Protein chains: 2
Amino acid sequence: MKRSDRLIGMTEYVLEHPMELISLPFFSERYQAAKSSISEDLTIMNNMLKQEGIGYLESISGAAGGIRYIPNVADNKSQVFLTALAKRLEDPTRILPGGYLFMSDLLGEPQTVREIGRLFASAFTNLDLDAVVTVATKGIPLAYAVASFLNVPVVIVRRDPKITEGSTVSINYVSGSSKKIQTMVLTKRSLKQGAKVCIIDDFMKAGGTIDGMRSLLKEFEAEVKAIGVLAEAEDEEDERVVTDYVSLIQISNVDVKNAKIEASIGNYFNHK
Amino acid sequence: MKRSDRLIGMTEYVLEHPMELISLPFFSERYQAAKSSISEDLTIMNNMLKQEGIGYLESISGAAGGIRYIPNVADNKSQVFLTALAKRLEDPTRILPGGYLFMSDLLGEPQTVREIGRLFASAFTNLDLDAVVTVATKGIPLAYAVASFLNVPVVIVRRDPKITEGSTVSINYVSGSSKKIQTMVLTKRSLKQGAKVCIIDDFMKAGGTIDGMRSLLKEFEAEVKAIGVLAEAEDEEDERVVTDYVSLIQISNVDVKNAKIEASIGNYFNHK
């Protein structure tokens with residue numbers, strides 16, 4: 001097989017298996033090529049991935065070595081994407097009663113969701129996570145997008161137990177902004193004790209939901225290594241019960257009366 | 001830029017933009033290469049994608065022409081994947097009260113979900129769909145996976161209206177297996193009138209939920225062009241209200257007493 005053919009196949013394989021250790025003999029056998037040729041291919045690929053601003057190949061030496069594709073979006077690319085996203089969120093027709101924002105259209109776009117996932121994953125690749133945790137319903141697509149780049153499973157916290165889930169652990173928590181008592185459940189067999197996780201959600205006001213998830217995860221002795229929210233509401237900052245998080249977008253001044261929203265890039269670049 | 005560098009970049013770009021028309025001048029400019037070179041690159045890529053069993057490049061000629069990457073999993077690859085999936089579903093510890101099966105572990109694996117999405121997309125690429133519709137919660141990751149390969153948005157039907165969604169259309173329907181009256185809602189602005197859609201869900205027993213979705217979609221004058229379910233329960237076939245669907249897996253003989261499940265490949269290959 002020619003180098004050009006091989007590079008197409010290898011690029012596809014590497015991109016579909018982020019964070020996974022791939023040995024040189026694996027490629028060598030798959031494409032019937034000498035290890036030295038494969039090694040050259042990987043050098044070319046590493047340079048090109050960097051140039052495209054989507055990550056790099058990490059080399060692990062030794063007998064059990066190989067390469068791992070580490071997704072990492074270049075800052076200038078992230079900046080362009082987040083600026084455009086913030087601009088789209090400033091559309092005043094998004095304002096809903098109670099100062100909420102309609103975002104389902106954006107969260108319905110697979111490519112937008114995938115790019116959001118790629119950004120969070122870029123910030124979390126060094127945390128050695130075992131799972132991505134989210135709460136139904138809106139956080140689910142984002143959590144899968146993050147997980148697909150980190151190559152770890154998704155665990156979904158529900159607001160109601162379901163028969164098709166088996167036995168569960170549940171907690172009650174107080175919603176930060178509405179001060180209502182709510183319930184959250186997680187299936188017992190969905191998470192191993194002591195897992196290292198990140199929490200992903202679409203929107204954070206006072207952070208009550210995320211704080212509730214943290215309490216629930218304590219029951220599993222899970223270690224919450226990071227929290228990522230697509231958008232945070234700035235005006236709830238004083239009452240916030242969650243302080244250490246990564247946000248892509250910050251929403252400020254949702255002015256229902258004058259139909260105005262201000263959206264800017266969140267604290268993402270402080271965490272990368 | 002050398003061909004080898006260009007092929008890596010182009011492969012990544014093409015795979016991230018399935019079903020999208022990409023013009024030769026676009027690549028020509030992006031990689032500072034003559035159109036004739038780009039054209040040769042695309043021929044190499046097309047052959048390699050076919051060889052890897054993950055699809056092909058469709059050429060559209062003329063001034064507004066270019067190529068489109070059509071995801072299409074080779075039958076032998078699908079067979080291997082589905083056989084392994086069926087085997088994993090036969091694990092007797094999956095049996096839950098009521099003859100349900102625990103599948104959250106599989107549905108939590110981003111790579112498994114992505115592969116399921118790729119399979120459904122392969123069967124639906126010629127339907128010219130505008131959106132993928134699913135119902136919260138379990139169908140959501142599958143729907144996004146399908147949508148990411150078809151490059152169309154996801155629309156999520158909910159069981160309860162939410163304040164962050166705006167005005168909704170709702171219907172009542174009778175659940176096929178439990179005969180209970182249930183409600184489904186869809187945000188008004190989430191789907192354009194007359195859209196061509198496919199419905200995706202994780203599990204189908206009698207098909208009441210999917211039938212409910214069809215009724216709700218009628219309110220939007222949407223055209224349901226296809227229905228895809230990950231797993232169908234064979235023993236509910238007689239009572240089934242949905243007959244035209246694509247299933248990846250068929251579950252039969254869930255024997256709670258003797259802790260036995262039989263799972264086989266569904267009707268997928270009849271629809272491809």
# chains A, B, ... in the order shown; residues from 1 in each chain; ligands from 1
>>> residues_around(residues="Val155 (chain B)", least_positions_apart="6", cutoff="8 Å", atoms="only C-alpha atoms", output="PyMOL selection string")
(chain A and resi 108) or (chain B and resi 131-134+190-191)
>>> write_last_selection(atoms="all heavy atoms", output="mmCIF file, in the first residue's frame")
data_model
loop_
_atom_site.group_PDB
_atom_site.id
_atom_site.type_symbol
_atom_site.label_atom_id
_atom_site.label_comp_id
_atom_site.auth_asym_id
_atom_site.auth_seq_id
_atom_site.Cartn_x
_atom_site.Cartn_y
_atom_site.Cartn_z
ATOM 1 N N GLY A 108 -29.120 21.433 19.153
ATOM 2 C CA GLY A 108 -29.617 20.433 18.230
ATOM 3 C C GLY A 108 -28.700 20.225 17.042
ATOM 4 O O GLY A 108 -28.886 19.285 16.265
ATOM 5 N N ALA B 131 -34.128 16.363 9.562
ATOM 6 C CA ALA B 131 -33.878 16.281 11.002
ATOM 7 C C ALA B 131 -34.007 14.846 11.489
ATOM 8 O O ALA B 131 -34.637 14.008 10.843
ATOM 9 C CB ALA B 131 -34.853 17.170 11.762
ATOM 10 N N VAL B 132 -33.399 14.594 12.640
ATOM 11 C CA VAL B 132 -33.554 13.323 13.344
ATOM 12 C C VAL B 132 -34.372 13.628 14.602
ATOM 13 O O VAL B 132 -34.042 14.542 15.341
ATOM 14 C CB VAL B 132 -32.188 12.722 13.737
ATOM 15 C CG1 VAL B 132 -32.371 11.477 14.590
ATOM 16 C CG2 VAL B 132 -31.356 12.417 12.506
ATOM 17 N N VAL B 133 -35.448 12.872 14.812
ATOM 18 C CA VAL B 133 -36.319 13.113 15.961
ATOM 19 C C VAL B 133 -36.186 11.958 16.945
ATOM 20 O O VAL B 133 -36.135 10.796 16.545
ATOM 21 C CB VAL B 133 -37.793 13.250 15.514
ATOM 22 C CG1 VAL B 133 -38.706 13.491 16.707
ATOM 23 C CG2 VAL B 133 -37.935 14.376 14.503
ATOM 24 N N THR B 134 -36.121 12.268 18.226
ATOM 25 C CA THR B 134 -36.103 11.226 19.244
ATOM 26 C C THR B 134 -36.892 11.698 20.450
ATOM 27 O O THR B 134 -37.342 12.835 20.501
ATOM 28 C CB THR B 134 -34.656 10.862 19.647
ATOM 29 O OG1 THR B 134 -34.690 9.673 20.449
ATOM 30 C CG2 THR B 134 -34.001 11.969 20.462
ATOM 31 N N SER B 190 -39.000 24.204 17.172
ATOM 32 C CA SER B 190 -37.920 23.237 16.981
ATOM 33 C C SER B 190 -37.963 22.530 15.625
ATOM 34 O O SER B 190 -36.984 21.931 15.208
ATOM 35 C CB SER B 190 -37.915 22.204 18.100
ATOM 36 O OG SER B 190 -39.114 21.470 18.076
ATOM 37 N N LEU B 191 -39.114 22.582 14.953
ATOM 38 C CA LEU B 191 -39.231 21.855 13.682
ATOM 39 C C LEU B 191 -40.044 22.677 12.680
ATOM 40 O O LEU B 191 -41.115 23.165 12.999
ATOM 41 C CB LEU B 191 -39.919 20.507 13.944
ATOM 42 C CG LEU B 191 -39.787 19.417 12.871
ATOM 43 C CD1 LEU B 191 -38.343 19.030 12.648
ATOM 44 C CD2 LEU B 191 -40.598 18.195 13.275
#
>>> closest_atom_pairs(of="chain B", to="chain A", cutoff="8 Å", atoms="only C-alpha atoms", output="tab-separated table")
residue	atom	partner	partner_atom	distance
B:Arg3	CA	A:Ser4	CA	7.5
B:Ser4	CA	A:Ser4	CA	5.8
B:Asp5	CA	A:Met48	CA	6.0
B:Leu7	CA	A:Ile8	CA	6.4
B:Ile8	CA	A:Thr11	CA	6.1
B:Gly9	CA	A:Met48	CA	6.8
B:Thr11	CA	A:Ile8	CA	6.1
B:Glu12	CA	A:Thr11	CA	7.1
B:Leu15	CA	A:Glu12	CA	7.7
B:Ile44	CA	A:Asp5	CA	6.7
B:Met45	CA	A:Ile8	CA	6.6
B:Met48	CA	A:Asp5	CA	6.0
B:Leu49	CA	A:Gly9	CA	7.5
B:Glu52	CA	A:Gly9	CA	7.0
B:Leu96	CA	A:Gly166	CA	6.3
B:Pro97	CA	A:Ile163	CA	7.4
B:Tyr100	CA	A:Thr164	CA	5.8
B:Leu101	CA	A:Thr164	CA	6.4
B:Phe102	CA	A:Thr164	CA	6.0
B:Ser104	CA	A:Glu165	CA	7.3
B:Asp105	CA	A:Ser190	CA	6.7
B:Gly108	CA	A:Val154	CA	4.7
B:Glu109	CA	A:Pro153	CA	4.7
B:Pro110	CA	A:Ser148	CA	5.1
B:Gln111	CA	A:Ser148	CA	6.8
B:Ala136	CA	A:Thr137	CA	6.9
B:Thr137	CA	A:Thr137	CA	6.5
B:Ile140	CA	A:Pro141	CA	7.1
B:Pro141	CA	A:Pro141	CA	6.2
B:Tyr144	CA	A:Pro110	CA	6.2
B:Ala147	CA	A:Pro110	CA	6.4
B:Ser148	CA	A:Pro110	CA	5.1
B:Asn151	CA	A:Pro110	CA	7.0
B:Val152	CA	A:Glu109	CA	7.0
B:Pro153	CA	A:Glu109	CA	4.7
B:Val154	CA	A:Gly108	CA	4.7
B:Val155	CA	A:Gly108	CA	6.3
B:Ile163	CA	A:Pro97	CA	7.4
B:Thr164	CA	A:Tyr100	CA	5.8
B:Glu165	CA	A:Phe102	CA	6.0
B:Gly166	CA	A:Leu96	CA	6.3
B:Ser190	CA	A:Asp105	CA	6.8
>>> select_by_dssp(residues="region 10-225 of chain A", states="strand (DSSP E)", output="JSON, numbers by chain")
{"A": [55, 56, 57, 58, 59, 60, 66, 67, 68, 69, 70, 71, 95, 96, 100, 101, 131, 132, 133, 134, 135, 154, 155, 156, 157, 168, 169, 170, 171, 172, 173, 174, 181, 182, 183, 184, 185, 186, 187, 196, 197, 198, 199, 200, 201, 202, 203, 204, 223, 224, 225]}
>>> closest_residue(among="B:Asn72, B:Thr125, B:Gln193, B:Ser28", to="Ala222 (chain B)", atoms="only C-alpha atoms")
B:Gln193
>>> select_by_dssp(residues="region 7-229 of chain A", states="alpha helix (DSSP H)", output="ChimeraX atom specification")
/A:7-16,24-30,35-52,75-89,104-107,110-124,139-150,208-218
>>> atom_distance(atom1="CA of Gly139 (chain B)", atom2="CA of Arg159 (chain A)")
16.4 Å
>>> closest_residue(among="B:Lys205, B:Lys87, B:Lys188, B:Arg68", to="Ser264 (chain B)", atoms="only C-alpha atoms")
B:Lys87
>>> closest_residue(among="B:Lys77, B:Gly266, B:Ser61, B:Phe203", to="Leu24 (chain B)", atoms="only C-alpha atoms")
B:Ser61
>>> closest_residue(among="A:Gln32, A:Asn270, A:Ser78, A:Thr209", to="Val241 (chain A)", atoms="only C-alpha atoms")
A:Thr209
>>> residues_around(residues="Ile60 (chain B)", least_positions_apart="3", cutoff="12 Å", atoms="only C-alpha atoms", output="number ranges by chain")
B: 19-24, 57, 63-69
>>> write_last_selection(atoms="C-alpha atoms", output="compact mmCIF listing (two decimals), in the first residue's frame")
# COMPACT_ATOMS: atom_id res chain seq x y z
CA MET B 19 -23.15 14.76 3.40
CA GLU B 20 -21.89 18.29 2.81
CA LEU B 21 -21.04 19.51 -0.67
CA ILE B 22 -17.39 20.59 -0.68
CA SER B 23 -16.10 22.34 -3.77
CA LEU B 24 -12.70 21.68 -5.31
CA LEU B 57 -17.09 10.31 -2.13
CA ALA B 63 -19.92 24.81 -11.86
CA ALA B 64 -21.56 24.38 -8.45
CA GLY B 65 -20.09 20.90 -8.15
CA GLY B 66 -17.67 19.19 -5.85
CA ILE B 67 -17.75 16.11 -3.66
CA ARG B 68 -19.86 14.83 -0.81
CA TYR B 69 -18.71 12.22 1.69
>>> atom_distance(atom1="CA of Tyr173 (chain B)", atom2="CA of Ile116 (chain B)")
28.1 Å
>>> residues_around(residues="Ala123 (chain B)", least_positions_apart="5", cutoff="12 Å", atoms="only C-alpha atoms", output="PyMOL selection string")
chain B and resi 55+70-75+78+116-118+128-129+146+149-150+198+225-228+245-248+267-272
